[in-house]
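Below is the file input-v4.cif, which contains mmCIF, N, CA and C atoms.
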data_work
loop_
_atom_site.label_atom_id
_atom_site.label_comp_id
_atom_site.auth_asym_id
_atom_site.auth_seq_id
_atom_site.Cartn_x
_atom_site.Cartn_y
_atom_site.Cartn_z
N MET V 1 -153.54 171.37 -55.10
CA MET V 1 -153.64 170.00 -54.65
C MET V 1 -152.64 169.77 -53.53
N GLY V 2 -152.98 168.91 -52.62
CA GLY V 2 -152.06 168.55 -51.55
C GLY V 2 -152.14 169.50 -50.38
N ASP V 3 -151.18 169.40 -49.51
CA ASP V 3 -151.12 170.20 -48.29
C ASP V 3 -150.63 171.61 -48.65
N PRO V 4 -151.38 172.65 -48.27
CA PRO V 4 -150.97 174.00 -48.64
C PRO V 4 -149.66 174.44 -47.98
N SER V 5 -149.31 173.85 -46.84
CA SER V 5 -148.07 174.27 -46.17
C SER V 5 -146.83 173.78 -46.92
N LEU V 6 -146.98 172.83 -47.79
CA LEU V 6 -145.84 172.30 -48.53
C LEU V 6 -145.65 172.96 -49.90
N ARG V 7 -146.42 173.98 -50.19
CA ARG V 7 -146.34 174.59 -51.52
C ARG V 7 -145.15 175.53 -51.67
N SER V 8 -144.76 176.19 -50.61
CA SER V 8 -143.67 177.15 -50.74
C SER V 8 -142.33 176.42 -50.71
N THR V 9 -141.32 177.09 -51.18
CA THR V 9 -139.97 176.52 -51.19
C THR V 9 -139.46 176.32 -49.78
N ASP V 10 -139.72 177.29 -48.91
CA ASP V 10 -139.27 177.17 -47.52
C ASP V 10 -139.95 175.99 -46.83
N ALA V 11 -141.23 175.79 -47.09
CA ALA V 11 -141.96 174.67 -46.47
C ALA V 11 -141.40 173.34 -46.94
N ARG V 12 -141.04 173.24 -48.21
CA ARG V 12 -140.46 171.99 -48.71
C ARG V 12 -139.10 171.73 -48.08
N ARG V 13 -138.30 172.79 -47.86
CA ARG V 13 -136.99 172.63 -47.20
C ARG V 13 -137.17 172.17 -45.75
N ARG V 14 -138.14 172.79 -45.06
CA ARG V 14 -138.40 172.38 -43.67
C ARG V 14 -138.84 170.93 -43.60
N ALA V 15 -139.67 170.50 -44.52
CA ALA V 15 -140.15 169.11 -44.52
C ALA V 15 -139.01 168.15 -44.82
N ALA V 16 -138.11 168.53 -45.71
CA ALA V 16 -136.96 167.67 -46.03
C ALA V 16 -136.02 167.57 -44.84
N ARG V 17 -135.83 168.68 -44.12
CA ARG V 17 -134.96 168.66 -42.95
C ARG V 17 -135.57 167.83 -41.82
N ALA V 18 -136.89 167.87 -41.67
CA ALA V 18 -137.55 167.15 -40.58
C ALA V 18 -137.55 165.64 -40.81
N SER V 19 -137.62 165.21 -42.06
CA SER V 19 -137.69 163.77 -42.35
C SER V 19 -136.36 163.07 -42.19
N GLY V 20 -135.30 163.77 -42.18
CA GLY V 20 -133.97 163.17 -42.05
C GLY V 20 -132.99 163.94 -42.89
N GLY V 21 -131.80 164.04 -42.41
CA GLY V 21 -130.80 164.83 -43.12
C GLY V 21 -130.20 164.06 -44.28
N THR V 22 -129.38 164.80 -45.01
CA THR V 22 -128.71 164.19 -46.15
C THR V 22 -127.23 164.00 -45.89
N ALA V 23 -126.76 164.48 -44.73
CA ALA V 23 -125.36 164.29 -44.39
C ALA V 23 -125.15 162.85 -43.92
N PRO V 24 -123.93 162.33 -44.06
CA PRO V 24 -123.69 160.93 -43.74
C PRO V 24 -124.01 160.52 -42.31
N PHE V 25 -123.88 161.41 -41.33
CA PHE V 25 -124.08 161.02 -39.93
C PHE V 25 -125.31 161.68 -39.31
N ASP V 26 -126.28 162.13 -40.12
CA ASP V 26 -127.51 162.70 -39.59
C ASP V 26 -128.40 161.61 -39.01
N ASN V 27 -129.43 162.04 -38.28
CA ASN V 27 -130.38 161.08 -37.72
C ASN V 27 -131.11 160.33 -38.83
N GLY V 28 -131.31 159.06 -38.62
CA GLY V 28 -132.00 158.24 -39.61
C GLY V 28 -131.11 157.70 -40.71
N ARG V 29 -129.82 157.95 -40.63
CA ARG V 29 -128.91 157.53 -41.68
C ARG V 29 -128.05 156.34 -41.26
N ASP V 30 -128.33 155.75 -40.09
CA ASP V 30 -127.54 154.60 -39.65
C ASP V 30 -127.87 153.40 -40.53
N PRO V 31 -126.87 152.58 -40.81
CA PRO V 31 -127.15 151.40 -41.64
C PRO V 31 -128.03 150.42 -40.88
N ALA V 32 -128.92 149.74 -41.61
CA ALA V 32 -129.82 148.75 -41.03
C ALA V 32 -129.30 147.36 -41.35
N GLY V 33 -129.61 146.43 -40.49
CA GLY V 33 -129.21 145.04 -40.72
C GLY V 33 -130.00 144.44 -41.87
N LEU V 34 -129.43 143.44 -42.51
CA LEU V 34 -130.08 142.82 -43.66
C LEU V 34 -131.40 142.17 -43.26
N GLY V 35 -131.43 141.52 -42.10
CA GLY V 35 -132.66 140.88 -41.64
C GLY V 35 -133.77 141.90 -41.41
N ASP V 36 -133.42 143.06 -40.84
CA ASP V 36 -134.42 144.10 -40.60
C ASP V 36 -134.96 144.66 -41.90
N VAL V 37 -134.09 144.83 -42.87
CA VAL V 37 -134.51 145.35 -44.18
C VAL V 37 -135.43 144.35 -44.87
N LEU V 38 -135.07 143.07 -44.84
CA LEU V 38 -135.91 142.05 -45.49
C LEU V 38 -137.26 141.91 -44.80
N ASP V 39 -137.29 141.99 -43.46
CA ASP V 39 -138.56 141.95 -42.74
C ASP V 39 -139.45 143.11 -43.13
N ALA V 40 -138.86 144.30 -43.24
CA ALA V 40 -139.65 145.48 -43.62
C ALA V 40 -140.19 145.35 -45.04
N VAL V 41 -139.38 144.82 -45.94
CA VAL V 41 -139.83 144.65 -47.33
C VAL V 41 -140.95 143.61 -47.42
N THR V 42 -140.79 142.47 -46.73
CA THR V 42 -141.82 141.44 -46.80
C THR V 42 -143.12 141.91 -46.17
N ARG V 43 -143.05 142.69 -45.09
CA ARG V 43 -144.27 143.22 -44.49
C ARG V 43 -144.95 144.23 -45.41
N SER V 44 -144.15 145.11 -46.02
CA SER V 44 -144.74 146.14 -46.88
C SER V 44 -145.36 145.54 -48.14
N LEU V 45 -144.82 144.44 -48.63
CA LEU V 45 -145.37 143.80 -49.83
C LEU V 45 -146.43 142.75 -49.52
N GLY V 46 -146.65 142.45 -48.23
CA GLY V 46 -147.66 141.46 -47.85
C GLY V 46 -147.21 140.03 -48.03
N TRP V 47 -145.91 139.78 -47.95
CA TRP V 47 -145.37 138.44 -48.17
C TRP V 47 -145.18 137.65 -46.88
N SER V 48 -145.43 138.25 -45.72
CA SER V 48 -145.10 137.58 -44.47
C SER V 48 -145.92 136.31 -44.26
N SER V 49 -147.19 136.31 -44.65
CA SER V 49 -148.02 135.12 -44.46
C SER V 49 -147.59 133.97 -45.39
N PRO V 50 -147.39 134.19 -46.69
CA PRO V 50 -146.93 133.09 -47.54
C PRO V 50 -145.55 132.57 -47.14
N LEU V 51 -144.66 133.45 -46.70
CA LEU V 51 -143.34 133.00 -46.26
C LEU V 51 -143.45 132.16 -44.99
N ALA V 52 -144.31 132.58 -44.06
CA ALA V 52 -144.50 131.81 -42.83
C ALA V 52 -145.11 130.44 -43.13
N ARG V 53 -146.01 130.38 -44.10
CA ARG V 53 -146.59 129.09 -44.49
C ARG V 53 -145.55 128.17 -45.09
N GLY V 54 -144.67 128.71 -45.90
CA GLY V 54 -143.58 127.90 -46.46
C GLY V 54 -142.63 127.41 -45.38
N GLU V 55 -142.33 128.28 -44.41
CA GLU V 55 -141.48 127.86 -43.30
C GLU V 55 -142.14 126.77 -42.47
N LEU V 56 -143.46 126.85 -42.32
CA LEU V 56 -144.20 125.83 -41.58
C LEU V 56 -144.08 124.47 -42.27
N LEU V 57 -144.24 124.45 -43.57
CA LEU V 57 -144.15 123.18 -44.31
C LEU V 57 -142.74 122.59 -44.23
N VAL V 58 -141.74 123.45 -44.25
CA VAL V 58 -140.36 122.97 -44.17
C VAL V 58 -140.02 122.48 -42.76
N ALA V 59 -140.55 123.15 -41.74
CA ALA V 59 -140.22 122.81 -40.35
C ALA V 59 -141.15 121.76 -39.76
N TRP V 60 -141.95 121.08 -40.57
CA TRP V 60 -142.90 120.08 -40.09
C TRP V 60 -142.23 118.99 -39.25
N PRO V 61 -141.10 118.40 -39.67
CA PRO V 61 -140.48 117.38 -38.83
C PRO V 61 -140.05 117.89 -37.46
N GLU V 62 -139.65 119.13 -37.36
CA GLU V 62 -139.27 119.70 -36.07
C GLU V 62 -140.48 119.89 -35.17
N LEU V 63 -141.64 120.17 -35.76
CA LEU V 63 -142.84 120.43 -34.97
C LEU V 63 -143.39 119.16 -34.32
N ILE V 64 -143.42 118.07 -35.08
CA ILE V 64 -144.07 116.87 -34.56
C ILE V 64 -143.10 115.74 -34.27
N GLY V 65 -141.86 115.90 -34.61
CA GLY V 65 -140.87 114.86 -34.36
C GLY V 65 -140.56 114.07 -35.63
N ASP V 66 -139.35 113.59 -35.72
CA ASP V 66 -138.90 112.89 -36.93
C ASP V 66 -139.61 111.55 -37.13
N ASP V 67 -139.89 110.83 -36.04
CA ASP V 67 -140.56 109.54 -36.17
C ASP V 67 -141.97 109.68 -36.73
N THR V 68 -142.71 110.64 -36.21
CA THR V 68 -144.07 110.87 -36.69
C THR V 68 -144.05 111.47 -38.10
N ALA V 69 -143.10 112.34 -38.36
CA ALA V 69 -143.02 112.98 -39.68
C ALA V 69 -142.68 111.98 -40.77
N ALA V 70 -142.10 110.83 -40.40
CA ALA V 70 -141.81 109.80 -41.39
C ALA V 70 -143.09 109.16 -41.92
N HIS V 71 -144.21 109.31 -41.20
CA HIS V 71 -145.46 108.68 -41.60
C HIS V 71 -146.53 109.67 -42.04
N CYS V 72 -146.22 110.96 -42.00
CA CYS V 72 -147.18 111.96 -42.47
C CYS V 72 -146.42 113.14 -43.06
N GLU V 73 -147.08 113.78 -44.00
CA GLU V 73 -146.44 114.88 -44.73
C GLU V 73 -147.46 115.98 -45.01
N PRO V 74 -147.13 117.24 -44.72
CA PRO V 74 -148.07 118.31 -45.04
C PRO V 74 -148.14 118.51 -46.56
N VAL V 75 -149.36 118.55 -47.06
CA VAL V 75 -149.58 118.70 -48.49
C VAL V 75 -149.70 120.17 -48.86
N GLY V 76 -150.37 120.93 -48.03
CA GLY V 76 -150.53 122.36 -48.32
C GLY V 76 -151.46 122.99 -47.32
N ILE V 77 -151.73 124.28 -47.54
CA ILE V 77 -152.63 125.04 -46.69
C ILE V 77 -153.68 125.66 -47.59
N GLU V 78 -154.94 125.28 -47.36
CA GLU V 78 -156.04 125.80 -48.17
C GLU V 78 -157.04 126.49 -47.26
N GLU V 79 -157.26 127.78 -47.47
CA GLU V 79 -158.20 128.59 -46.72
C GLU V 79 -157.96 128.50 -45.22
N GLY V 80 -156.70 128.50 -44.81
CA GLY V 80 -156.34 128.48 -43.41
C GLY V 80 -156.31 127.11 -42.77
N VAL V 81 -156.55 126.05 -43.53
CA VAL V 81 -156.55 124.69 -43.00
C VAL V 81 -155.31 123.96 -43.53
N LEU V 82 -154.49 123.48 -42.61
CA LEU V 82 -153.30 122.70 -42.97
C LEU V 82 -153.73 121.28 -43.28
N ILE V 83 -153.42 120.80 -44.47
CA ILE V 83 -153.81 119.46 -44.90
C ILE V 83 -152.58 118.57 -44.82
N VAL V 84 -152.72 117.46 -44.08
CA VAL V 84 -151.61 116.53 -43.84
C VAL V 84 -152.00 115.16 -44.39
N GLN V 85 -151.19 114.62 -45.28
CA GLN V 85 -151.40 113.28 -45.86
C GLN V 85 -150.65 112.26 -45.02
N CYS V 86 -151.34 111.22 -44.57
CA CYS V 86 -150.75 110.19 -43.71
C CYS V 86 -150.57 108.89 -44.49
N ASP V 87 -149.64 108.05 -44.02
CA ASP V 87 -149.36 106.77 -44.67
C ASP V 87 -150.52 105.79 -44.56
N SER V 88 -151.22 105.81 -43.44
CA SER V 88 -152.32 104.87 -43.22
C SER V 88 -153.43 105.57 -42.46
N THR V 89 -154.59 104.92 -42.43
CA THR V 89 -155.71 105.49 -41.69
C THR V 89 -155.43 105.45 -40.19
N ALA V 90 -154.62 104.48 -39.74
CA ALA V 90 -154.26 104.42 -38.32
C ALA V 90 -153.45 105.66 -37.91
N TRP V 91 -152.50 106.08 -38.75
CA TRP V 91 -151.73 107.28 -38.44
C TRP V 91 -152.62 108.51 -38.50
N ALA V 92 -153.54 108.57 -39.45
CA ALA V 92 -154.46 109.71 -39.55
C ALA V 92 -155.34 109.80 -38.30
N THR V 93 -155.82 108.65 -37.82
CA THR V 93 -156.65 108.64 -36.62
C THR V 93 -155.85 109.07 -35.40
N GLN V 94 -154.65 108.56 -35.27
CA GLN V 94 -153.81 108.93 -34.12
C GLN V 94 -153.49 110.42 -34.11
N LEU V 95 -153.21 110.97 -35.27
CA LEU V 95 -152.90 112.40 -35.34
C LEU V 95 -154.15 113.25 -35.13
N ARG V 96 -155.32 112.74 -35.50
CA ARG V 96 -156.56 113.47 -35.20
C ARG V 96 -156.76 113.59 -33.70
N LEU V 97 -156.36 112.57 -32.95
CA LEU V 97 -156.46 112.63 -31.49
C LEU V 97 -155.49 113.65 -30.90
N MET V 98 -154.37 113.90 -31.58
CA MET V 98 -153.37 114.86 -31.13
C MET V 98 -153.54 116.23 -31.80
N LYS V 99 -154.66 116.44 -32.45
CA LYS V 99 -154.88 117.63 -33.27
C LYS V 99 -154.72 118.93 -32.49
N THR V 100 -155.28 119.02 -31.29
CA THR V 100 -155.21 120.28 -30.54
C THR V 100 -153.77 120.60 -30.12
N GLU V 101 -153.01 119.58 -29.75
CA GLU V 101 -151.61 119.82 -29.36
C GLU V 101 -150.79 120.29 -30.56
N ILE V 102 -151.01 119.66 -31.70
CA ILE V 102 -150.26 120.03 -32.91
C ILE V 102 -150.64 121.44 -33.35
N LEU V 103 -151.94 121.75 -33.32
CA LEU V 103 -152.40 123.07 -33.74
C LEU V 103 -151.87 124.15 -32.80
N THR V 104 -151.83 123.87 -31.50
CA THR V 104 -151.27 124.83 -30.55
C THR V 104 -149.80 125.10 -30.83
N THR V 105 -149.06 124.04 -31.13
CA THR V 105 -147.63 124.19 -31.44
C THR V 105 -147.44 125.02 -32.72
N VAL V 106 -148.26 124.75 -33.72
CA VAL V 106 -148.17 125.49 -34.99
C VAL V 106 -148.49 126.96 -34.77
N LEU V 107 -149.55 127.24 -34.02
CA LEU V 107 -149.95 128.63 -33.80
C LEU V 107 -148.93 129.38 -32.95
N ARG V 108 -148.30 128.69 -32.01
CA ARG V 108 -147.31 129.34 -31.16
C ARG V 108 -146.04 129.66 -31.96
N ARG V 109 -145.65 128.74 -32.83
CA ARG V 109 -144.38 128.91 -33.54
C ARG V 109 -144.52 129.73 -34.82
N PHE V 110 -145.67 129.61 -35.51
CA PHE V 110 -145.88 130.32 -36.78
C PHE V 110 -147.21 131.09 -36.75
N PRO V 111 -147.31 132.15 -35.97
CA PRO V 111 -148.58 132.89 -35.91
C PRO V 111 -148.91 133.62 -37.20
N GLU V 112 -147.90 133.99 -37.97
CA GLU V 112 -148.14 134.71 -39.22
C GLU V 112 -148.64 133.81 -40.35
N ALA V 113 -148.59 132.49 -40.16
CA ALA V 113 -149.05 131.56 -41.19
C ALA V 113 -150.57 131.55 -41.30
N GLU V 114 -151.26 132.05 -40.28
CA GLU V 114 -152.72 132.16 -40.27
C GLU V 114 -153.39 130.80 -40.48
N VAL V 115 -152.93 129.79 -39.75
CA VAL V 115 -153.53 128.46 -39.81
C VAL V 115 -154.63 128.41 -38.76
N SER V 116 -155.84 128.04 -39.18
CA SER V 116 -156.96 127.99 -38.24
C SER V 116 -157.37 126.56 -37.90
N GLY V 117 -156.90 125.58 -38.66
CA GLY V 117 -157.25 124.19 -38.40
C GLY V 117 -156.32 123.25 -39.13
N ILE V 118 -156.44 121.97 -38.77
CA ILE V 118 -155.64 120.93 -39.41
C ILE V 118 -156.57 119.81 -39.84
N ARG V 119 -156.35 119.26 -41.03
CA ARG V 119 -157.12 118.11 -41.50
C ARG V 119 -156.15 117.00 -41.87
N PHE V 120 -156.32 115.86 -41.24
CA PHE V 120 -155.47 114.70 -41.52
C PHE V 120 -156.25 113.76 -42.42
N ILE V 121 -155.62 113.40 -43.54
CA ILE V 121 -156.28 112.50 -44.48
C ILE V 121 -155.43 111.24 -44.63
N GLY V 122 -156.11 110.13 -44.83
CA GLY V 122 -155.43 108.86 -45.02
C GLY V 122 -154.98 108.70 -46.46
N PRO V 123 -154.46 107.54 -46.78
CA PRO V 123 -154.00 107.31 -48.15
C PRO V 123 -155.19 107.24 -49.09
N GLY V 124 -154.99 107.69 -50.29
CA GLY V 124 -156.05 107.65 -51.29
C GLY V 124 -156.21 106.24 -51.84
N ALA V 125 -157.43 105.73 -51.78
CA ALA V 125 -157.71 104.40 -52.32
C ALA V 125 -157.86 104.49 -53.84
N PRO V 126 -157.48 103.44 -54.55
CA PRO V 126 -157.64 103.48 -56.00
C PRO V 126 -159.12 103.46 -56.37
N THR V 127 -159.46 104.20 -57.38
CA THR V 127 -160.84 104.24 -57.83
C THR V 127 -160.99 103.42 -59.11
N TRP V 128 -162.08 102.72 -59.19
CA TRP V 128 -162.36 101.93 -60.39
C TRP V 128 -163.38 102.61 -61.26
N LYS V 129 -163.88 103.73 -60.82
CA LYS V 129 -164.86 104.47 -61.62
C LYS V 129 -164.11 105.44 -62.50
N LYS V 130 -164.15 105.16 -63.77
CA LYS V 130 -163.44 106.01 -64.71
C LYS V 130 -164.39 106.44 -65.81
N GLY V 131 -164.38 107.70 -66.10
CA GLY V 131 -165.17 108.21 -67.19
C GLY V 131 -166.60 108.54 -66.81
N PRO V 132 -167.28 109.27 -67.68
CA PRO V 132 -168.65 109.70 -67.37
C PRO V 132 -169.69 108.58 -67.51
N ARG V 133 -169.35 107.46 -68.13
CA ARG V 133 -170.32 106.39 -68.36
C ARG V 133 -170.11 105.20 -67.43
N SER V 134 -169.50 105.41 -66.30
CA SER V 134 -169.28 104.30 -65.37
C SER V 134 -170.62 103.89 -64.75
N VAL V 135 -170.72 102.63 -64.42
CA VAL V 135 -171.95 102.08 -63.87
C VAL V 135 -171.99 102.36 -62.37
N PRO V 136 -173.08 102.93 -61.86
CA PRO V 136 -173.15 103.18 -60.43
C PRO V 136 -173.31 101.87 -59.65
N GLY V 137 -172.80 101.86 -58.45
CA GLY V 137 -172.91 100.65 -57.63
C GLY V 137 -171.80 99.67 -57.96
N ARG V 138 -172.07 98.38 -57.78
CA ARG V 138 -171.05 97.35 -57.99
C ARG V 138 -170.80 97.07 -59.47
N GLY V 139 -171.75 97.33 -60.31
CA GLY V 139 -171.55 97.11 -61.73
C GLY V 139 -171.80 95.67 -62.12
N PRO V 140 -171.67 95.35 -63.39
CA PRO V 140 -171.89 93.99 -63.85
C PRO V 140 -170.77 93.06 -63.36
N ARG V 141 -171.17 91.95 -62.77
CA ARG V 141 -170.20 91.00 -62.24
C ARG V 141 -170.16 89.67 -63.01
N ASP V 142 -171.05 89.52 -63.98
CA ASP V 142 -171.09 88.24 -64.69
C ASP V 142 -170.12 88.17 -65.86
N THR V 143 -169.37 89.21 -66.11
CA THR V 143 -168.46 89.18 -67.26
C THR V 143 -167.13 88.53 -66.94
N TYR V 144 -166.92 88.13 -65.68
CA TYR V 144 -165.63 87.59 -65.30
C TYR V 144 -165.65 86.06 -65.21
N GLY V 145 -166.58 85.42 -65.74
CA GLY V 145 -166.48 84.02 -65.50
C GLY V 145 -167.31 83.14 -66.27
#

Final structure tokens representation of the file:
Amino acid sequence: MGDPSLRSTDARRRAARASGGTAPFDNGRDPAGLGDVLDAVTRSLGWSSPLARGELLVAWPELIGDDTAAHCEPVGIEEGVLIVQCDSTAWATQLRLMKTEILTTVLRRFPEAEVSGIRFIGPGAPTWKKGPRSVPGRGPRDTYG
């Protein structure tokens, strides 16, 4: 099994010598920076995209400005679409008009986040339909008076 050239003892020694020495100052033995090591680990484990998405959510006020960020908040990223909850429908409409600029900024700053679109949603209205037996439409109105 495996490569026939690595079966002999001499071949294994040659392969060990070629990959890097064991002496303290041989090639490949220089210490690496902590940031480089962490980048290599996150890439090898496939964590770069989730980490970039988390950084995007944290850096949201820097991307769009503090004044605008006070009225909208990123909720999450689902299937490559960044979902942003806004305080009012007016803010959601205004941000929809700025969608291409915001998406360009996000893609330029966080390419590893793999964001393909943005969806701005307004505030959730209260629902009066509760339970499986709710009446469709306006419902009975004569019970209030």

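Interatomic distance, CA of Leu97 (chain V) against atom C of Val84 (chain V): 13.9 Å.
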
Check what the PyMOL selection byres ((chain V and resi 112-118) around 6.5) selects in the file above and give those residues as a list in words.
-> Ser48, Ser49, Pro50, Ala52, Arg53, Glu79, Gly80, Val81, Leu82, Ile83, Val84, Arg109, Phe110, Pro111, Arg119 and Phe120 of chain V

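Atom N of Ile77 (chain V) lies 14.5 Å from atom N of Pro61 (chain V).
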
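Atom to atom, atom N of Asp39 (chain V) and atom C of Gly54 (chain V) stand 15.6 Å apart.
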
Taking 2 positions as the minimum chain separation for residues in the same chain, which residues sit within 6 Å of region 86-93 of chain V when counting all atoms listed in the file? Answer as a compact mmCIF listing (two decimals) with N, CA and C atoms, in the coordinates of the input.
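What landed in part_10.txt:
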# COMPACT_ATOMS: atom_id res chain seq x y z
N HIS V 71 -144.21 109.31 -41.20
CA HIS V 71 -145.46 108.68 -41.60
C HIS V 71 -146.53 109.67 -42.04
N CYS V 72 -146.22 110.96 -42.00
CA CYS V 72 -147.18 111.96 -42.47
C CYS V 72 -146.42 113.14 -43.06
N GLU V 73 -147.08 113.78 -44.00
CA GLU V 73 -146.44 114.88 -44.73
C GLU V 73 -147.46 115.98 -45.01
N VAL V 84 -152.72 117.46 -44.08
CA VAL V 84 -151.61 116.53 -43.84
C VAL V 84 -152.00 115.16 -44.39
N LEU V 95 -153.21 110.97 -35.27
CA LEU V 95 -152.90 112.40 -35.34
C LEU V 95 -154.15 113.25 -35.13
N ARG V 96 -155.32 112.74 -35.50
CA ARG V 96 -156.56 113.47 -35.20
C ARG V 96 -156.76 113.59 -33.70
N LEU V 97 -156.36 112.57 -32.95
CA LEU V 97 -156.46 112.63 -31.49
C LEU V 97 -155.49 113.65 -30.90
N PHE V 120 -156.32 115.86 -41.24
CA PHE V 120 -155.47 114.70 -41.52
C PHE V 120 -156.25 113.76 -42.42
N ILE V 121 -155.62 113.40 -43.54
CA ILE V 121 -156.28 112.50 -44.48
C ILE V 121 -155.43 111.24 -44.63
N GLY V 122 -156.11 110.13 -44.83
CA GLY V 122 -155.43 108.86 -45.02
C GLY V 122 -154.98 108.70 -46.46
N PRO V 123 -154.46 107.54 -46.78
CA PRO V 123 -154.00 107.31 -48.15
C PRO V 123 -155.19 107.24 -49.09
